[in-house]
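These notes concern the structure reproduced below.
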Protein chains: 2
Amino acid sequence: MTKIRLDGAALAGGLERVVSLLRRLAAGDRISLTTADTLRTLDTGGPCRISELAALEGVTQPAMTQLVSRLEHDGLVERRSHPDDARVVMVHLTAAGAERLQARREARARLLDELAGRLSGDDRDALAAALPALERLVAAQTTYSGSTTT
Amino acid sequence: MTKIRLDGAALAGGLERVVSLLRRLAAGDRISLTTADTLRTLDTGGPCRISELAALEGVTQPAMTQLVSRLEHDGLVERRSHPDDARVVMVHLTAAGAERLQARREARARLLDELAGRLSGDDRDALAAALPALERLVAAQTTYSGSTTT
DNA sequence: TATTGTTATACTCTATAACTATA
DNA sequence: TATAGTTATAGAGTATAACAATA
């Protein structure tokens, strides 16, 4: 299509704007980015221990303990014990949590559908074609983790 | 390329993951998302009044007053008076603020370059081709604003 | 009287440090 | 002794309400 080579700076700028966009779309939301992303992690990756969730979300273990406590209080997740190690707490997404996440996604999808409706057909095609690549870009980071020392 | 029609839900899911990715990349950062986005807004849109910044970032006017005070204390922005209306405070990005933003972008660009390096050439092309569309998607929202009542 | 911004106060969320329980 | 998680305390950031200055 284009001969333009992908430039990290351009990509960073584009993604930076995406964050800005989503922040504005989610402005009316009660739920914080960390909270939403934690639910998303549990949804896509399945049950997870506190320490691993903390590492994934880039917060401390105590902070994740409290976040999980809030989510548990709201009925969105459940604490369960690990069968082989009594020290470990496995966090499970509840049906209510999955529903909450789904509702949030649908609301966002409606807004994005509306925005996408203002684009040209070519633009929409370009976005649709890039989604799988975006998926793999994120996967590359997840695999990467470990030496993310700033 | 693909015949797949752009689906708001798929787009929402993809963008959701992008946020997750960038949050993790920025984990070591001192600077918050709101702070970074405020600097970005000033950089791309030029000087701006407090109330407008607050509306753009989805925070209250007092919160923006305090954020601007912190940024001013750090030398990243400057308060100047509006020539025609003495009530208005115009917030200007300083050279130091622009540098800080640039440094953050470059660090991010390096990481993204590294991640993109693990993708196939086709994937990189797809991302490069989608960036202008992404740009226009964000622009559509900016134009939109006003009736974003949840 | 309406608008722009600031100050006062309370609440949420997070980090660091100290602690408990299990391996 | 090391690991997983919790509790205690303090600090950053935000919201609501009350206020000051200008239009």
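Scheme for the structure tokens: letters A, B, ... for chains in order shown; per-chain residue numbers from 1; ligand numbers from 1 in order shown.
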Check: What residues in chain B get the DSSP label alpha helix (DSSP H)? Please answer as JSON, numbers by chain.
Finding: {"B": [8, 9, 10, 11, 12, 13, 14, 15, 16, 17, 18, 19, 20, 21, 22, 23, 24, 25, 33, 34, 35, 36, 37, 38, 39, 40, 41, 42, 43, 44, 45, 50, 51, 52, 53, 54, 55, 56, 57, 61, 62, 63, 64, 65, 66, 67, 68, 69, 70, 71, 72, 73, 95, 96, 97, 98, 99, 100, 101, 102, 103, 104, 105, 106, 107, 108, 109, 110, 111, 112, 113, 114, 115, 116, 121, 122, 123, 124, 125, 126, 127, 128, 129, 130, 131, 132, 133, 134, 135, 136, 137, 138, 139, 140, 141, 142, 143, 144]}
Note to self: Env of DT6 of chain D: 12 Å cut, atoms = only C-alpha atoms (C1' of nucleotides), seq-sep filter 2 positions within chain, self excluded. Answer as number ranges by chain.
What the structure shows: A: 50, 61-66, 68-69, 87, 89; C: 18-21; D: 4, 8
List every residue of chain B that has an atom at most 6 Å from any atom of chain A, giving for each one its closest atom pair and the distance in Å to one decimal, counting only C-alpha atoms, sorted by chain and then by ascending residue number, as a tab-separated table.
residue	atom	partner	partner_atom	distance
B:Leu6	CA	A:Ala128	CA	5.0
B:Gly8	CA	A:Ala109	CA	4.4
B:Ala9	CA	A:Ala109	CA	4.6
B:Ala12	CA	A:Ala109	CA	5.5
B:Val19	CA	A:Val19	CA	5.9
B:Ala27	CA	A:Gly58	CA	5.5
B:Gly58	CA	A:Ala27	CA	5.5
B:Ala109	CA	A:Gly8	CA	4.5
B:Leu112	CA	A:Gly8	CA	5.4
B:Asp113	CA	A:Gly8	CA	4.6
B:Asp123	CA	A:Ala133	CA	4.9
B:Arg124	CA	A:Leu6	CA	5.9
B:Ala126	CA	A:Ala130	CA	4.9
B:Leu127	CA	A:Ala130	CA	5.2
B:Ala128	CA	A:Leu6	CA	5.1
B:Ala130	CA	A:Ala126	CA	4.9
B:Ala133	CA	A:Asp123	CA	4.9
Could those selected residues go to a file with N, CA and C atoms, as a CSV table (one decimal), in the first residue's frame?
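Output below, filename again-v7.csv:
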chain,number,residue,atom,x,y,z
B,6,LEU,N,-14.8,-2.8,9.3
B,6,LEU,CA,-14.3,-2.4,10.7
B,6,LEU,C,-15.4,-2.5,11.7
B,8,GLY,N,-16.7,-1.8,15.6
B,8,GLY,CA,-16.4,-1.0,16.7
B,8,GLY,C,-15.9,-1.8,17.9
B,9,ALA,N,-16.4,-3.0,18.1
B,9,ALA,CA,-16.0,-3.8,19.2
B,9,ALA,C,-14.6,-4.3,19.1
B,12,ALA,N,-12.4,-1.3,19.6
B,12,ALA,CA,-12.3,-1.0,21.0
B,12,ALA,C,-11.4,-2.0,21.7
B,19,VAL,N,-3.7,0.8,25.2
B,19,VAL,CA,-3.6,1.5,26.4
B,19,VAL,C,-2.8,0.7,27.4
B,27,ALA,N,5.4,2.5,32.9
B,27,ALA,CA,5.4,2.1,34.3
B,27,ALA,C,6.5,2.8,35.1
B,58,GLY,N,-10.7,16.1,30.9
B,58,GLY,CA,-11.8,15.4,31.6
B,58,GLY,C,-11.6,15.5,33.1
B,109,ALA,N,9.6,5.9,21.7
B,109,ALA,CA,9.8,5.5,20.3
B,109,ALA,C,10.8,4.4,20.3
B,112,LEU,N,9.1,1.2,21.2
B,112,LEU,CA,8.2,0.7,20.2
B,112,LEU,C,9.0,0.2,18.9
B,113,ASP,N,10.1,0.9,18.6
B,113,ASP,CA,10.9,0.4,17.5
B,113,ASP,C,11.4,-1.0,17.7
B,123,ASP,N,3.1,-6.8,8.9
B,123,ASP,CA,2.5,-6.2,10.0
B,123,ASP,C,2.9,-4.7,10.2
B,124,ARG,N,4.2,-4.5,10.0
B,124,ARG,CA,4.7,-3.1,10.1
B,124,ARG,C,4.1,-2.2,9.1
B,126,ALA,N,1.2,-2.6,7.8
B,126,ALA,CA,-0.2,-2.4,8.1
B,126,ALA,C,-0.4,-1.3,9.2
B,127,LEU,N,0.6,-1.3,10.2
B,127,LEU,CA,0.6,-0.3,11.2
B,127,LEU,C,0.9,1.1,10.6
B,128,ALA,N,1.9,1.1,9.8
B,128,ALA,CA,2.2,2.4,9.1
B,128,ALA,C,1.1,2.9,8.3
B,130,ALA,N,-2.0,2.5,8.9
B,130,ALA,CA,-3.2,2.8,9.7
B,130,ALA,C,-3.0,4.1,10.5
B,133,ALA,N,-5.1,7.1,9.5
B,133,ALA,CA,-6.5,6.9,9.8
B,133,ALA,C,-6.7,7.1,11.3
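Distance criterion 9 Å to chain B, applied with only C-alpha atoms (C1' of nucleotides), yields DT3, DT4, DG5 and DT6 of chain C on chain C.
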Note to self: If I take atom CA of Leu101 of chain B and atom CA of Arg70 of chain B, how far is one from the other in Å, to one decimal?
What the structure shows: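 Computing the Euclidean distance for atom CA of Leu101 of chain B and atom CA of Arg70 of chain B yields 15.6 Å.
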As a PDB file with N, CA, C and O atoms (P, O5', C5', C4', C3', O3' and C1' of nucleotides), in the first residue's frame, please: the residues near DT9 of chain D (cut-off 12 Å, only C-alpha atoms (C1' of nucleotides), same-chain neighbours under 3 positions excluded).
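Written file, result-v9.pdb:
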ATOM      1  P    DA C  15       2.100   2.076  43.450  1.00  0.00           P
ATOM      2  O5'  DA C  15       2.922   2.728  44.647  1.00  0.00           O
ATOM      3  C5'  DA C  15       3.482   4.031  44.489  1.00  0.00           C
ATOM      4  C4'  DA C  15       4.365   4.355  45.677  1.00  0.00           C
ATOM      5  C3'  DA C  15       5.331   3.239  46.046  1.00  0.00           C
ATOM      6  O3'  DA C  15       6.631   3.753  46.343  1.00  0.00           O
ATOM      7  C1'  DA C  15       3.884   3.700  47.888  1.00  0.00           C
ATOM      8  P    DT C  16       7.852   2.736  46.627  1.00  0.00           P
ATOM      9  O5'  DT C  16       8.048   2.767  48.208  1.00  0.00           O
ATOM     10  C5'  DT C  16       8.140   4.021  48.872  1.00  0.00           C
ATOM     11  C4'  DT C  16       8.267   3.810  50.369  1.00  0.00           C
ATOM     12  C3'  DT C  16       9.195   2.667  50.784  1.00  0.00           C
ATOM     13  O3'  DT C  16       9.945   3.096  51.917  1.00  0.00           O
ATOM     14  C1'  DT C  16       7.056   2.309  51.684  1.00  0.00           C
ATOM     15  P    DA C  17      11.053   2.110  52.615  1.00  0.00           P
ATOM     16  O5'  DA C  17      10.274   1.561  53.894  1.00  0.00           O
ATOM     17  C5'  DA C  17       9.601   2.496  54.736  1.00  0.00           C
ATOM     18  C4'  DA C  17       8.986   1.778  55.911  1.00  0.00           C
ATOM     19  C3'  DA C  17       9.815   0.617  56.447  1.00  0.00           C
ATOM     20  O3'  DA C  17       9.733   0.625  57.869  1.00  0.00           O
ATOM     21  C1'  DA C  17       7.674  -0.163  55.837  1.00  0.00           C
ATOM     22  P    DA C  18      10.495  -0.493  58.779  1.00  0.00           P
ATOM     23  O5'  DA C  18       9.290  -1.337  59.378  1.00  0.00           O
ATOM     24  C5'  DA C  18       8.221  -0.637  60.038  1.00  0.00           C
ATOM     25  C4'  DA C  18       7.137  -1.629  60.408  1.00  0.00           C
ATOM     26  C3'  DA C  18       7.644  -2.901  61.094  1.00  0.00           C
ATOM     27  O3'  DA C  18       6.786  -3.224  62.176  1.00  0.00           O
ATOM     28  C1'  DA C  18       6.372  -3.470  59.196  1.00  0.00           C
TER      29       DA C  18
END
Do me a favour and pick out the residues of chain D within 8 Å of chain B, using only C-alpha atoms (C1' of nucleotides), as a PDB file with N, CA, C and O atoms (P, O5', C5', C4', C3', O3' and C1' of nucleotides), in the first residue's frame.
ATOM      1  P    DT D  14      -4.927  14.614  38.921  1.00  0.00           P
ATOM      2  O5'  DT D  14      -6.410  14.636  39.494  1.00  0.00           O
ATOM      3  C5'  DT D  14      -7.142  13.410  39.582  1.00  0.00           C
ATOM      4  C4'  DT D  14      -8.355  13.610  40.455  1.00  0.00           C
ATOM      5  C3'  DT D  14      -9.205  14.813  40.070  1.00  0.00           C
ATOM      6  O3'  DT D  14     -10.340  14.392  39.347  1.00  0.00           O
ATOM      7  C1'  DT D  14      -8.932  14.594  42.453  1.00  0.00           C
ATOM      8  P    DA D  15     -11.529  15.425  39.006  1.00  0.00           P
ATOM      9  O5'  DA D  15     -12.447  15.448  40.309  1.00  0.00           O
ATOM     10  C5'  DA D  15     -13.073  14.250  40.774  1.00  0.00           C
ATOM     11  C4'  DA D  15     -14.072  14.582  41.873  1.00  0.00           C
ATOM     12  C3'  DA D  15     -15.028  15.707  41.503  1.00  0.00           C
ATOM     13  O3'  DA D  15     -16.361  15.401  41.890  1.00  0.00           O
ATOM     14  C1'  DA D  15     -13.764  16.307  43.441  1.00  0.00           C
ATOM     15  P    DA D  21     -10.035  39.955  45.655  1.00  0.00           P
ATOM     16  O5'  DA D  21     -10.191  39.828  44.080  1.00  0.00           O
ATOM     17  C5'  DA D  21      -9.242  39.061  43.372  1.00  0.00           C
ATOM     18  C4'  DA D  21      -9.569  39.114  41.889  1.00  0.00           C
ATOM     19  C3'  DA D  21      -9.844  40.515  41.344  1.00  0.00           C
ATOM     20  O3'  DA D  21      -9.216  40.626  40.080  1.00  0.00           O
ATOM     21  C1'  DA D  21     -11.647  39.114  40.841  1.00  0.00           C
ATOM     22  P    DT D  22      -9.031  42.090  39.391  1.00  0.00           P
ATOM     23  O5'  DT D  22      -9.948  41.982  38.097  1.00  0.00           O
ATOM     24  C5'  DT D  22      -9.646  40.970  37.146  1.00  0.00           C
ATOM     25  C4'  DT D  22     -10.846  40.723  36.288  1.00  0.00           C
ATOM     26  C3'  DT D  22     -11.359  41.938  35.494  1.00  0.00           C
ATOM     27  O3'  DT D  22     -11.116  41.671  34.123  1.00  0.00           O
ATOM     28  C1'  DT D  22     -13.135  40.651  36.409  1.00  0.00           C
ATOM     29  P    DA D  23     -11.630  42.641  32.971  1.00  0.00           P
ATOM     30  O5'  DA D  23     -13.092  42.121  32.668  1.00  0.00           O
ATOM     31  C5'  DA D  23     -13.250  40.790  32.241  1.00  0.00           C
ATOM     32  C4'  DA D  23     -14.651  40.564  31.682  1.00  0.00           C
ATOM     33  C3'  DA D  23     -15.181  41.724  30.837  1.00  0.00           C
ATOM     34  O3'  DA D  23     -15.553  41.214  29.587  1.00  0.00           O
ATOM     35  C1'  DA D  23     -16.718  41.178  32.605  1.00  0.00           C
TER      36       DA D  23
END
Checklist line | Every residue of segment 6-150 of chain A that DSSP places in strand (DSSP E), as a ChimeraX atom specification | finding: /A:48-49,77-81,89-93
